[in-house]
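Novice: Sharing final_36.cif below, mmCIF, C-alpha atoms:
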```cif
data_target
#
loop_
_atom_site.label_atom_id
_atom_site.label_comp_id
_atom_site.auth_asym_id
_atom_site.auth_seq_id
_atom_site.Cartn_x
_atom_site.Cartn_y
_atom_site.Cartn_z
CA MET A 1 -30.77 -22.46 -36.83
CA HIS A 2 -29.46 -19.60 -38.91
CA PHE A 3 -25.90 -18.36 -38.54
CA LEU A 4 -24.79 -14.81 -39.36
CA PRO A 5 -21.91 -14.46 -41.77
CA ALA A 6 -18.51 -13.82 -40.22
CA PHE A 7 -18.20 -10.28 -41.65
CA LEU A 8 -21.53 -9.25 -40.02
CA LEU A 9 -20.30 -10.49 -36.66
CA SER A 10 -17.15 -8.39 -37.03
CA LEU A 11 -19.25 -5.30 -37.82
CA LEU A 12 -21.39 -5.81 -34.71
CA ALA A 13 -18.29 -6.00 -32.54
CA LEU A 14 -16.70 -2.87 -34.06
CA PRO A 15 -18.48 -0.17 -31.93
CA THR A 16 -17.56 -1.94 -28.68
CA THR A 17 -13.93 -2.21 -29.71
CA THR A 18 -13.83 1.44 -30.72
CA LEU A 19 -15.41 2.54 -27.41
CA ALA A 20 -12.90 0.55 -25.41
CA ALA A 21 -10.01 2.05 -27.33
CA THR A 22 -11.37 5.57 -26.81
CA THR A 23 -11.72 5.04 -23.06
CA THR A 24 -8.17 3.73 -22.77
CA THR A 25 -6.77 6.68 -24.72
CA THR A 26 -8.63 9.22 -22.59
CA THR A 27 -7.34 7.67 -19.37
CA SER A 28 -3.75 7.61 -20.61
CA LEU A 29 -3.91 11.33 -21.42
CA SER A 30 -4.59 12.31 -17.82
CA PRO A 31 -1.85 14.70 -16.62
CA PRO A 32 0.65 13.20 -14.16
CA LEU A 33 0.33 14.41 -10.57
CA HIS A 34 3.16 15.33 -8.19
CA THR A 35 3.11 15.13 -4.41
CA ALA A 36 4.57 17.58 -1.88
CA THR A 37 4.68 16.87 1.86
CA LEU A 38 4.81 19.83 4.24
CA HIS A 39 5.76 19.92 7.93
CA ALA A 40 5.05 22.44 10.67
CA LEU A 41 7.82 23.53 13.04
CA PRO A 42 6.88 25.68 16.07
CA VAL A 43 9.61 28.33 16.45
CA ALA A 44 8.17 30.74 19.05
CA PRO A 45 7.72 31.05 21.93
CA THR A 46 9.04 27.49 22.46
CA PRO A 47 10.85 25.68 19.63
CA SER A 48 9.72 22.13 19.04
CA LYS A 49 10.12 19.24 16.61
CA PRO A 50 8.51 19.24 13.15
CA HIS A 51 5.26 17.37 12.66
CA PRO A 52 3.19 16.58 9.52
CA LEU A 53 1.22 19.57 8.29
CA ALA A 54 -0.19 18.77 4.83
CA ILE A 55 0.09 16.55 1.78
CA LEU A 56 -0.49 18.30 -1.54
CA THR A 57 -0.97 16.76 -4.97
CA TYR A 58 -0.67 18.96 -8.05
CA SER A 59 -0.07 19.14 -11.78
CA PRO A 60 2.50 21.76 -12.85
CA HIS A 61 0.54 22.64 -16.00
CA HIS A 62 -2.99 22.29 -14.56
CA PRO A 63 -3.26 24.32 -11.30
CA HIS A 64 -6.99 23.60 -11.00
CA LEU A 65 -6.14 19.95 -10.27
CA SER A 66 -4.30 20.87 -7.04
CA THR A 67 -5.76 18.89 -4.16
CA LEU A 68 -5.23 19.12 -0.42
CA GLU A 69 -5.03 15.43 0.46
CA SER A 70 -4.55 15.96 4.20
CA PHE A 71 -4.23 18.91 6.55
CA THR A 72 -3.29 18.87 10.27
CA PRO A 73 -2.89 22.45 11.53
CA PRO A 74 -0.64 23.16 14.52
CA ALA A 75 -2.25 23.32 17.92
CA ASN A 76 -4.24 26.48 18.49
CA THR A 77 -2.91 29.00 20.96
CA SER A 78 -4.02 32.28 22.48
CA ASP A 79 -0.47 33.66 22.25
CA PRO A 80 -0.46 36.30 19.48
CA ASP A 81 3.33 36.03 19.25
CA ALA A 82 3.37 32.29 18.53
CA LEU A 83 5.06 31.50 15.22
CA THR A 84 5.13 28.38 13.07
CA SER A 85 7.50 27.59 10.23
CA VAL A 86 6.15 25.78 7.15
CA LEU A 87 8.87 23.36 6.04
CA LEU A 88 9.44 21.63 2.72
CA TYR A 89 12.31 19.13 2.87
CA LEU A 90 13.93 19.06 -0.56
CA ASP A 91 15.51 15.63 -0.09
CA GLY A 92 12.37 14.08 1.39
CA HIS A 93 14.16 13.38 4.70
CA VAL A 94 12.44 14.90 7.73
CA GLY A 95 15.05 16.76 9.75
CA GLY A 96 17.45 16.93 6.82
CA GLU A 97 19.70 19.88 6.09
CA ARG A 98 18.17 20.70 2.70
CA TYR A 99 14.84 22.43 3.18
CA ARG A 100 12.90 25.62 2.45
CA SER A 101 10.81 27.35 5.10
CA SER A 102 8.48 30.29 5.63
CA VAL A 103 7.28 31.62 8.98
CA THR A 104 3.70 32.58 9.75
CA ALA A 105 1.57 33.35 12.80
CA THR A 106 0.20 30.21 14.39
CA TYR A 107 -3.26 31.70 14.94
CA GLY A 108 -3.61 32.10 11.15
CA PHE A 109 -4.33 28.37 10.88
CA HIS A 110 -7.50 28.64 12.98
CA ALA A 111 -10.84 30.46 13.02
CA PRO A 112 -11.74 33.24 12.46
CA TYR A 113 -8.94 33.05 9.88
CA ARG A 114 -9.01 31.16 6.62
CA GLY A 115 -6.00 30.49 4.46
CA ARG A 116 -4.44 28.72 1.51
CA PHE A 117 -1.10 27.13 0.87
CA ARG A 118 1.12 28.57 -1.84
CA LEU A 119 3.43 26.06 -3.50
CA VAL A 120 6.41 27.29 -5.52
CA LEU A 121 7.71 25.10 -8.36
CA ASP A 122 10.88 25.24 -10.39
CA SER A 123 10.97 25.10 -14.19
CA LYS A 124 10.84 21.27 -14.04
CA GLY A 125 7.66 21.23 -11.94
CA GLU A 126 9.35 20.16 -8.69
CA ALA A 127 8.32 21.84 -5.44
CA VAL A 128 11.02 24.18 -4.09
CA GLY A 129 9.09 26.18 -1.49
CA ALA A 130 5.78 26.54 0.34
CA SER A 131 3.99 29.07 2.53
CA TRP A 132 0.65 29.67 4.26
CA HIS A 133 -1.40 32.81 3.60
CA SER A 134 -4.47 33.61 5.73
CA CYS A 135 -6.96 36.40 6.32
CA LEU A 136 -10.04 37.07 8.43
CA SER A 137 -13.19 35.47 7.10
CA LYS A 138 -16.73 35.20 8.48
CA SER A 139 -17.19 31.89 6.70
CA ALA A 140 -14.03 30.34 8.09
CA PRO A 141 -14.19 26.65 9.11
CA ALA A 142 -14.20 25.64 12.74
CA ALA A 143 -10.92 25.81 14.64
CA GLY A 144 -8.53 23.09 13.57
CA LYS A 145 -10.65 22.08 10.58
CA GLY A 146 -9.05 22.50 7.18
CA LYS A 147 -10.53 22.08 3.74
CA GLY A 148 -11.37 18.54 2.77
CA LYS A 149 -10.06 16.62 -0.22
CA GLY A 150 -11.30 18.07 -3.47
CA GLU A 151 -12.93 21.19 -1.97
CA SER A 152 -11.91 24.07 -4.20
CA GLY A 153 -14.29 26.80 -3.08
CA GLY A 154 -16.25 26.74 -6.33
CA ASN A 155 -13.47 28.13 -8.52
CA ALA A 156 -10.83 26.80 -10.89
CA ARG A 157 -7.87 27.57 -8.62
CA GLY A 158 -7.81 24.24 -6.84
CA ASP A 159 -7.26 23.73 -3.12
CA PHE A 160 -4.04 25.80 -3.07
CA ASP A 161 -2.06 28.18 -5.24
CA VAL A 162 0.70 26.95 -7.55
CA LEU A 163 3.43 29.33 -8.70
CA THR A 164 6.09 28.37 -11.24
CA THR A 165 9.42 30.14 -11.23
CA LYS A 166 11.23 30.94 -14.46
CA PRO A 167 14.99 30.88 -15.05
CA ALA A 168 16.66 34.26 -14.62
CA PRO A 169 17.66 36.01 -17.85
CA ARG A 170 21.23 35.37 -18.94
CA VAL A 171 23.71 38.23 -18.92
CA VAL A 172 25.26 38.75 -22.35
CA PHE A 173 28.35 40.92 -22.77
CA ASP A 174 28.79 42.75 -26.05
CA LYS A 175 31.99 41.87 -27.86
CA PRO A 176 33.94 44.85 -29.28
CA ALA A 177 33.75 45.06 -33.07
CA LYS A 178 36.98 45.05 -35.01
CA GLY A 179 37.68 47.36 -37.94
CA LYS A 180 40.12 47.05 -40.81
CA GLY A 181 43.43 45.57 -39.95
CA GLY A 182 42.05 43.85 -36.87
CA ALA A 183 42.03 47.03 -34.81
CA THR A 184 39.24 47.72 -32.33
CA ALA A 185 36.71 50.15 -33.71
CA ALA A 186 35.13 50.92 -30.35
CA GLY A 187 36.68 53.16 -27.75
CA ALA A 188 37.46 56.81 -27.38
CA GLY A 189 40.15 58.26 -29.63
CA ALA A 190 40.24 55.27 -32.00
CA GLY A 191 40.45 56.26 -35.63
CA VAL A 192 39.70 54.12 -38.68
CA GLY A 193 42.36 51.45 -38.89
CA GLY A 194 44.24 53.10 -36.06
CA LYS A 195 44.88 52.19 -32.47
CA GLU A 196 43.10 53.40 -29.40
CA GLY A 197 44.54 56.60 -28.02
CA GLU A 198 46.18 57.71 -31.27
CA GLU A 199 45.15 61.00 -32.84
CA GLU A 200 44.60 61.42 -36.57
CA GLU A 201 47.44 63.33 -38.24
CA VAL A 202 46.34 66.43 -40.17
CA VAL A 203 48.48 67.27 -43.23
CA GLU A 204 48.41 70.85 -44.31
CA LYS A 205 48.69 71.54 -48.05
CA THR A 206 50.01 74.68 -49.64
CA LEU A 207 48.18 76.60 -52.33
CA LEU A 208 50.39 75.09 -55.07
CA GLN A 209 49.84 71.52 -53.83
CA LYS A 210 46.10 72.04 -54.00
#
```
Just dump the structure as structure tokens.
Specialist:
Amino acid sequence: MHFLPAFLLSLLALPTTTLAATTTTTTSLSPPLHTATLHALPVAPTPSKPHPLAILTYSPHHPHLSTLESFTPPANTSDPDALTSVLLYLDGHVGGERYRSSVTATYGFHAPYRGRFRLVLDSKGEAVGASWHSCLSKSAPAAGKGKGKGESGGNARGDFDVLTTKPAPRVVFDKPAKGKGGATAAGAGAGVGGKEGEEEEVVEKTLLQK
């Protein structure tokens, strides 16, 4: 029986080791996903208790990865004045005092309407608001049937829209510049090296002094 030298055996094992390392690196580079849980609260004509509406997973920097994990629309109604509030509890506690909400017509969750959630993120990628936007569509799903997991409509937008808010610009007040002697150069009636409100003295010279 012939045995291969040890260095040949190490060379044969090299491609497998490299492939395994490449696969591990690719997996570890996958963007982290966040989860937002939404609730529906009927507000008109009869207020009720909140119930689960949708679970959304998203990546703040990769909107096309947004996925609608589950969707349970509110009960359909023939009342055109029925309203439903889309709730996002900021502390994760259902019924808590810290939440954001947006109100929409209840019939907009059912055929012949078709809609998408819009999730608002802060600068850190955390969800701070959510809403439902719908419109008439001939290709709308059956009443009470939302989009399934991973269905993105054939585009790169994902299952819902992700909007990221930016910090408001800071207000900067201009500091008054100081002239010679520490006096303020800005301001009406301020002369060079003088004080605000003082007028410059004009000295008249005679013909002989000139």
Novice: So that I can see what lies close to Leu87 of chain A, please list as a list in words the residues with an atom at most 7 Å from it, counting all atoms listed in the file and leaving out residues fewer than 6 positions away in the same chain.
Specialist: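 Non-adjacent residues within range: Leu38, His39, Ala40, Tyr99, Arg100, Ser101 and Ser102 of chain A.
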Novice: The PyMOL selection byres ((chain A and resi 82) around 7) - which residues does that actually catch in the file I just gave you? List them as a ChimeraX atom specification.
Specialist: /A:44-45,79-81,83-84,105-106
Novice: Let me see the file: selected residues, C-alpha atoms, as a CSV table (one decimal), keeping the file's coordinate frame.
Specialist:
```csv
chain,number,residue,atom,x,y,z
A,44,ALA,CA,8.2,30.7,19.0
A,45,PRO,CA,7.7,31.0,21.9
A,79,ASP,CA,-0.5,33.7,22.2
A,80,PRO,CA,-0.5,36.3,19.5
A,81,ASP,CA,3.3,36.0,19.2
A,83,LEU,CA,5.1,31.5,15.2
A,84,THR,CA,5.1,28.4,13.1
A,105,ALA,CA,1.6,33.4,12.8
A,106,THR,CA,0.2,30.2,14.4
```
Novice: I need the output of the PyMOL selection byres ((chain A and resi 164) around 7) for this file as an mmCIF file with C-alpha atoms, in the frame of the given file; which residues are they?
Specialist:
```
data_model
loop_
_atom_site.group_PDB
_atom_site.id
_atom_site.type_symbol
_atom_site.label_atom_id
_atom_site.label_comp_id
_atom_site.auth_asym_id
_atom_site.auth_seq_id
_atom_site.Cartn_x
_atom_site.Cartn_y
_atom_site.Cartn_z
ATOM 1 C CA VAL A 120 6.410 27.290 -5.520
ATOM 2 C CA LEU A 121 7.710 25.100 -8.360
ATOM 3 C CA ASP A 122 10.880 25.240 -10.390
ATOM 4 C CA SER A 123 10.970 25.100 -14.190
ATOM 5 C CA VAL A 162 0.700 26.950 -7.550
ATOM 6 C CA LEU A 163 3.430 29.330 -8.700
ATOM 7 C CA THR A 165 9.420 30.140 -11.230
ATOM 8 C CA LYS A 166 11.230 30.940 -14.460
#
```
Novice: How many Å lie between atom CA of Thr77 of chain A and atom CA of Pro112 of chain A, rounded to one decimal?
Specialist: 13.0 Å
Novice: Neighbouring residues of His62 of chain A were defined as those with any atom within 10 Å, considering only C-alpha atoms; residues of the same chain fewer than 3 positions away were excluded. Please report them as a CSV table (one decimal) with C-alpha atoms, keeping the file's coordinate frame.
Specialist:
```csv
chain,number,residue,atom,x,y,z
A,31,PRO,CA,-1.8,14.7,-16.6
A,32,PRO,CA,0.6,13.2,-14.2
A,33,LEU,CA,0.3,14.4,-10.6
A,58,TYR,CA,-0.7,19.0,-8.0
A,59,SER,CA,-0.1,19.1,-11.8
A,65,LEU,CA,-6.1,20.0,-10.3
A,66,SER,CA,-4.3,20.9,-7.0
A,156,ALA,CA,-10.8,26.8,-10.9
A,157,ARG,CA,-7.9,27.6,-8.6
A,158,GLY,CA,-7.8,24.2,-6.8
A,162,VAL,CA,0.7,27.0,-7.6
```
Novice: Any idea what the distance is between atom CA of Val43 of chain A and atom CA of Gly115 of chain A?
Specialist: 19.8 Å
Novice: Atom CA of Tyr113 of chain A to atom CA of Ala54 of chain A: how many Å, to one decimal?
Specialist: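 If I compute the distance from atom CA of Tyr113 of chain A to atom CA of Ala54 of chain A, I get 17.5 Å.
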Novice: Under the PyMOL selection byres ((chain A and resi 52) around 10), which residues of this model are included? Write them out as a PyMOL selection string.
Specialist: chain A and resi 37-41+50-51+53-55+70-74+86-87+94
Novice: Find the residue from A:His34, A:Arg114, A:Lys49, A:Lys124 that sits nearest to Ser85 of chain A; use only C-alpha atoms when measuring.
Specialist: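 Among A:His34, A:Arg114, A:Lys49, A:Lys124, it is A:Lys49 that comes nearest to Ser85 of chain A.
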